[in-house]
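Novice: The structure under discussion is supplied below as structure tokens; questions concerning it will follow.
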There are 2 protein chains.
Amino acid sequence: MRVTFRRPDPRDPGRPVYVISVAASIVSVHPRTLRIYEDAGLVCPARTPTNIRLYSENDIRRVMWIRHLTQNLGVNLAGVRILFELEERLGTRILERLYDEGVRDAETAAAASADANPEPSASSA
Amino acid sequence: MRVTFRRPDPRDPGRPVYVISVAASIVSVHPRTLRIYEDAGLVCPARTPTNIRLYSENDIRRVMWIRHLTQNLGVNLAGVRILFELEERLGTRILERLYDEGVRDAETAAAASADANPEPSASSA
DNA sequence: CATACTTGACAACGGCATTGTCAAGTTTCT
DNA sequence: AGAAACTTGACAATGCCGTTGTCAAGTATG
């Protein structure tokens, strides 16, 4: 059974298009939680001139990683921040090492195909 | 003021020599806490033929990293485990990137000299 | 032989993560 | 025009986590 975080790519994954309620719905979290992630510095959605948050596909993927790390692996938000910082410093997608090699469970192993990878992106932070 | 985790090196940092009360005293934690770290798979001290734990210098350093990550950076134990696993997979001391570059605070910046680095070691796990 | 080790277990307490809700004001969309 | 959704800051409930503390019973050590 194939598990994937990937959603069909829009034209430009960096383009901010989703307001907070839509982004929350896409990743199945409460809008309040997305605000907390932003307060924690884990995701930085764009803002319109009237200060409305707009999330891009990259932001969505980043939140999906946060959810994977916190819900499935039990990492707290401080730990997620450190992991993201390491990834930025090393300039590589080190978190994929956790996902690609299916260390956690059979489900993540099943998701090892190329299009199954969630992609935390430093560029949105 | 210079801050360092490094203690004077014994002859062989891999040699298990400290019983749990001594190791706990060295790193200023409760022996109960060291047992919890072991249960969490974060550190694996050697055992004597009569099942007494013996910690090596490498184990001590590893615990010092755990303490730094949990106490100073707020990472929980699941997060520490993921960081250690990444380090093993990448085959490099990625956590030093956090420490060497003093991203956290002035104290860690002050400790940036070569002999100030704590060294998490995958070899003790 | 006192002390320290082992195991498994329960508990207190402060902190964390998520969700929920509120008020007041602004913006958006129908 | 007005309902709905957005913003901010704030407080709270609840379950979980991390650390320490303690216990019992048995074994090992100095």
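Just so we're on the same page: first chain in the structure tokens is A, next is B, and so on; residues restart at 1 for each chain, and ligands are numbered from 1 in the order they show up.
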With a cut-off of 6 Å and counting only C-alpha atoms, select all residues of chain B in contact with chain A and give the selection as a compact mmCIF listing (two decimals) with N, CA and C atoms, in the first residue's frame.
Specialist:
# COMPACT_ATOMS: atom_id res chain seq x y z
N GLY B 74 15.97 22.52 24.67
CA GLY B 74 14.58 22.15 24.85
C GLY B 74 14.11 20.98 24.02
N VAL B 75 15.06 20.25 23.43
CA VAL B 75 14.68 19.10 22.62
C VAL B 75 14.24 17.95 23.53
N ASN B 76 13.17 17.26 23.16
CA ASN B 76 12.77 16.12 23.99
C ASN B 76 13.57 14.87 23.60
N ALA B 78 12.76 12.04 22.24
CA ALA B 78 12.51 11.51 20.90
C ALA B 78 13.31 12.32 19.87
N GLY B 79 13.37 13.62 20.07
CA GLY B 79 14.13 14.47 19.17
C GLY B 79 15.62 14.18 19.24
Novice: Which polymer residues have any atom within 9 Å of an atom of C:DT18, counting only C-alpha atoms (C1' of nucleotides), with same-chain residues fewer than 4 positions away left out, as number ranges by chain?
Specialist: A: 30, 32-33
Novice: Identify which of the residues A:Pro31, A:Asn51, A:Arg15, A:Ile20 lies closest to C:DG20, counting only C-alpha atoms (C1' of nucleotides) when measuring atom-to-atom distances.
Specialist: A:Pro31
Novice: Do you have, as a tab-separated table, the list of residues of chain C lying at most 12 Å from chain B, each with its nearest atom pair and that distance in Å to one decimal, counting only C-alpha atoms (C1' of nucleotides) and ordered by chain then number?
Specialist:
residue	atom	partner	partner_atom	distance
C:DA4	C1'	B:Ser21	CA	8.6
C:DC5	C1'	B:Ile52	CA	6.5
C:DT6	C1'	B:Ile52	CA	7.4
C:DT7	C1'	B:Asn51	CA	11.0
C:DG15	C1'	B:Gly74	CA	10.3
C:DC16	C1'	B:Asn76	CA	9.7
Novice: Taking only C-alpha atoms (C1' of nucleotides) into account, report as a list in words which residues of chain D lie within 10 Å of chain B.
Specialist: DC17, DG18, DT19, DT20, DG21, DT27 and DA28 of chain D
Novice: Those same residues, written as a compact mmCIF listing (two decimals), in the first residue's frame with N, CA, C and O atoms (P, O5', C5', C4', C3', O3' and C1' of nucleotides)?
Specialist:
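Result file follows (again11.txt):
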# COMPACT_ATOMS: atom_id res chain seq x y z
P DC D 17 4.29 10.62 25.92
O5' DC D 17 5.29 11.71 26.51
C5' DC D 17 5.55 12.88 25.74
C4' DC D 17 6.60 13.71 26.44
C3' DC D 17 7.77 12.92 26.99
O3' DC D 17 8.95 13.60 26.62
C1' DC D 17 6.79 14.21 28.71
P DG D 18 10.35 12.95 26.88
O5' DG D 18 10.84 13.62 28.24
C5' DG D 18 11.10 15.02 28.24
C4' DG D 18 11.72 15.42 29.56
C3' DG D 18 12.84 14.51 30.04
O3' DG D 18 13.86 15.37 30.57
C1' DG D 18 11.12 14.59 31.67
P DT D 19 15.26 14.76 30.94
O5' DT D 19 15.20 14.76 32.52
C5' DT D 19 14.99 15.99 33.20
C4' DT D 19 14.58 15.73 34.62
C3' DT D 19 15.46 14.76 35.39
O3' DT D 19 16.27 15.49 36.28
C1' DT D 19 13.14 14.49 35.87
P DT D 20 17.35 14.82 37.18
O5' DT D 20 16.51 14.50 38.50
C5' DT D 20 15.79 15.56 39.15
C4' DT D 20 14.81 14.99 40.15
C3' DT D 20 15.42 14.05 41.17
O3' DT D 20 15.38 14.67 42.43
C1' DT D 20 13.35 13.22 40.34
P DG D 21 16.04 13.96 43.70
O5' DG D 21 14.86 13.03 44.24
C5' DG D 21 13.59 13.62 44.56
C4' DG D 21 12.64 12.53 44.99
C3' DG D 21 13.26 11.45 45.86
O3' DG D 21 12.73 11.53 47.17
C1' DG D 21 11.83 10.51 44.20
P DT D 27 19.09 -13.52 45.01
O5' DT D 27 20.17 -12.49 44.43
C5' DT D 27 20.13 -12.13 43.05
C4' DT D 27 21.32 -11.25 42.73
C3' DT D 27 22.67 -11.83 43.14
O3' DT D 27 23.57 -11.68 42.06
C1' DT D 27 22.39 -9.66 44.07
P DA D 28 25.07 -12.16 42.21
O5' DA D 28 25.83 -10.77 42.46
C5' DA D 28 25.64 -9.71 41.52
C4' DA D 28 26.55 -8.55 41.86
C3' DA D 28 27.99 -8.93 42.16
O3' DA D 28 28.84 -8.00 41.50
C1' DA D 28 27.08 -7.76 44.01
Novice: Hey, what's within 9 Å of C:DT28 if we count only C-alpha atoms (C1' of nucleotides) and toss same-chain stuff fewer than 6 positions away? As number ranges by chain, please?
Specialist: D: 4-6
Novice: Please write the residues from the selection above to a file, keeping N, CA and C atoms (P, O5', C5', C4', C3', O3' and C1' of nucleotides), as a PDB file, in the first residue's frame.
Specialist:
ATOM      1  P    DA D   4     -22.614  33.562   8.786  1.00  0.00           P
ATOM      2  O5'  DA D   4     -21.107  33.466   8.320  1.00  0.00           O
ATOM      3  C5'  DA D   4     -20.822  33.297   6.931  1.00  0.00           C
ATOM      4  C4'  DA D   4     -19.338  33.491   6.680  1.00  0.00           C
ATOM      5  C3'  DA D   4     -18.440  32.741   7.657  1.00  0.00           C
ATOM      6  O3'  DA D   4     -17.485  32.006   6.900  1.00  0.00           O
ATOM      7  C1'  DA D   4     -17.783  35.012   7.507  1.00  0.00           C
ATOM      8  P    DA D   5     -16.528  30.957   7.629  1.00  0.00           P
ATOM      9  O5'  DA D   5     -15.130  31.747   7.574  1.00  0.00           O
ATOM     10  C5'  DA D   5     -14.646  32.193   6.318  1.00  0.00           C
ATOM     11  C4'  DA D   5     -13.470  33.116   6.541  1.00  0.00           C
ATOM     12  C3'  DA D   5     -12.444  32.577   7.543  1.00  0.00           C
ATOM     13  O3'  DA D   5     -11.160  32.573   6.963  1.00  0.00           O
ATOM     14  C1'  DA D   5     -13.019  34.823   8.037  1.00  0.00           C
ATOM     15  P    DC D   6      -9.937  31.926   7.741  1.00  0.00           P
ATOM     16  O5'  DC D   6      -9.081  33.196   8.174  1.00  0.00           O
ATOM     17  C5'  DC D   6      -8.409  33.945   7.162  1.00  0.00           C
ATOM     18  C4'  DC D   6      -8.120  35.342   7.660  1.00  0.00           C
ATOM     19  C3'  DC D   6      -7.268  35.437   8.934  1.00  0.00           C
ATOM     20  O3'  DC D   6      -5.894  35.260   8.614  1.00  0.00           O
ATOM     21  C1'  DC D   6      -9.016  37.050   8.949  1.00  0.00           C
TER      22       DC D   6
END
Novice: To one decimal place in Å, what is the distance between atom CA of B:Ala40 and atom C1' of D:DG26?
Specialist: 24.9 Å
Novice: Neighbours of A:Val27 within 12 Å (only C-alpha atoms (C1' of nucleotides); same-chain residues fewer than 6 positions away dropped), as JSON, numbers by chain?
Specialist: {"A": [5, 6, 7, 18, 20, 21, 33, 34, 55, 57, 59, 60, 61, 62, 63, 64, 65, 66, 67, 68]}
Novice: Output the selection as a compact mmCIF listing (two decimals), in the first residue's frame - C-alpha atoms for each residue.
Specialist:
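New file again_21.txt:
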# COMPACT_ATOMS: atom_id res chain seq x y z
CA PHE A 5 2.53 13.12 1.44
CA ARG A 6 2.84 14.47 -2.07
CA ARG A 7 -0.08 16.36 -3.49
CA TYR A 18 -3.72 29.37 0.68
CA ILE A 20 -4.86 29.75 6.97
CA SER A 21 -8.15 27.87 7.07
CA THR A 33 -1.80 25.09 15.56
CA LEU A 34 -0.44 26.73 12.39
CA TYR A 55 0.69 29.53 2.59
CA GLU A 57 2.87 24.41 -1.37
CA ASP A 59 4.82 25.73 3.39
CA ILE A 60 2.28 22.93 3.25
CA ARG A 61 5.02 20.36 2.80
CA ARG A 62 6.98 21.86 5.64
CA VAL A 63 3.96 21.57 7.91
CA MET A 64 3.51 17.98 6.82
CA TRP A 65 7.06 17.27 7.92
CA ILE A 66 6.39 18.96 11.23
CA ARG A 67 3.36 16.77 11.70
CA HIS A 68 5.27 13.64 10.76
Novice: Would you mind reading off the distance between atom CA of B:Thr92 and atom CA of A:Gly91, one decimal, in Å?
Specialist: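 Distance reported for this atom pair: 14.1 Å.
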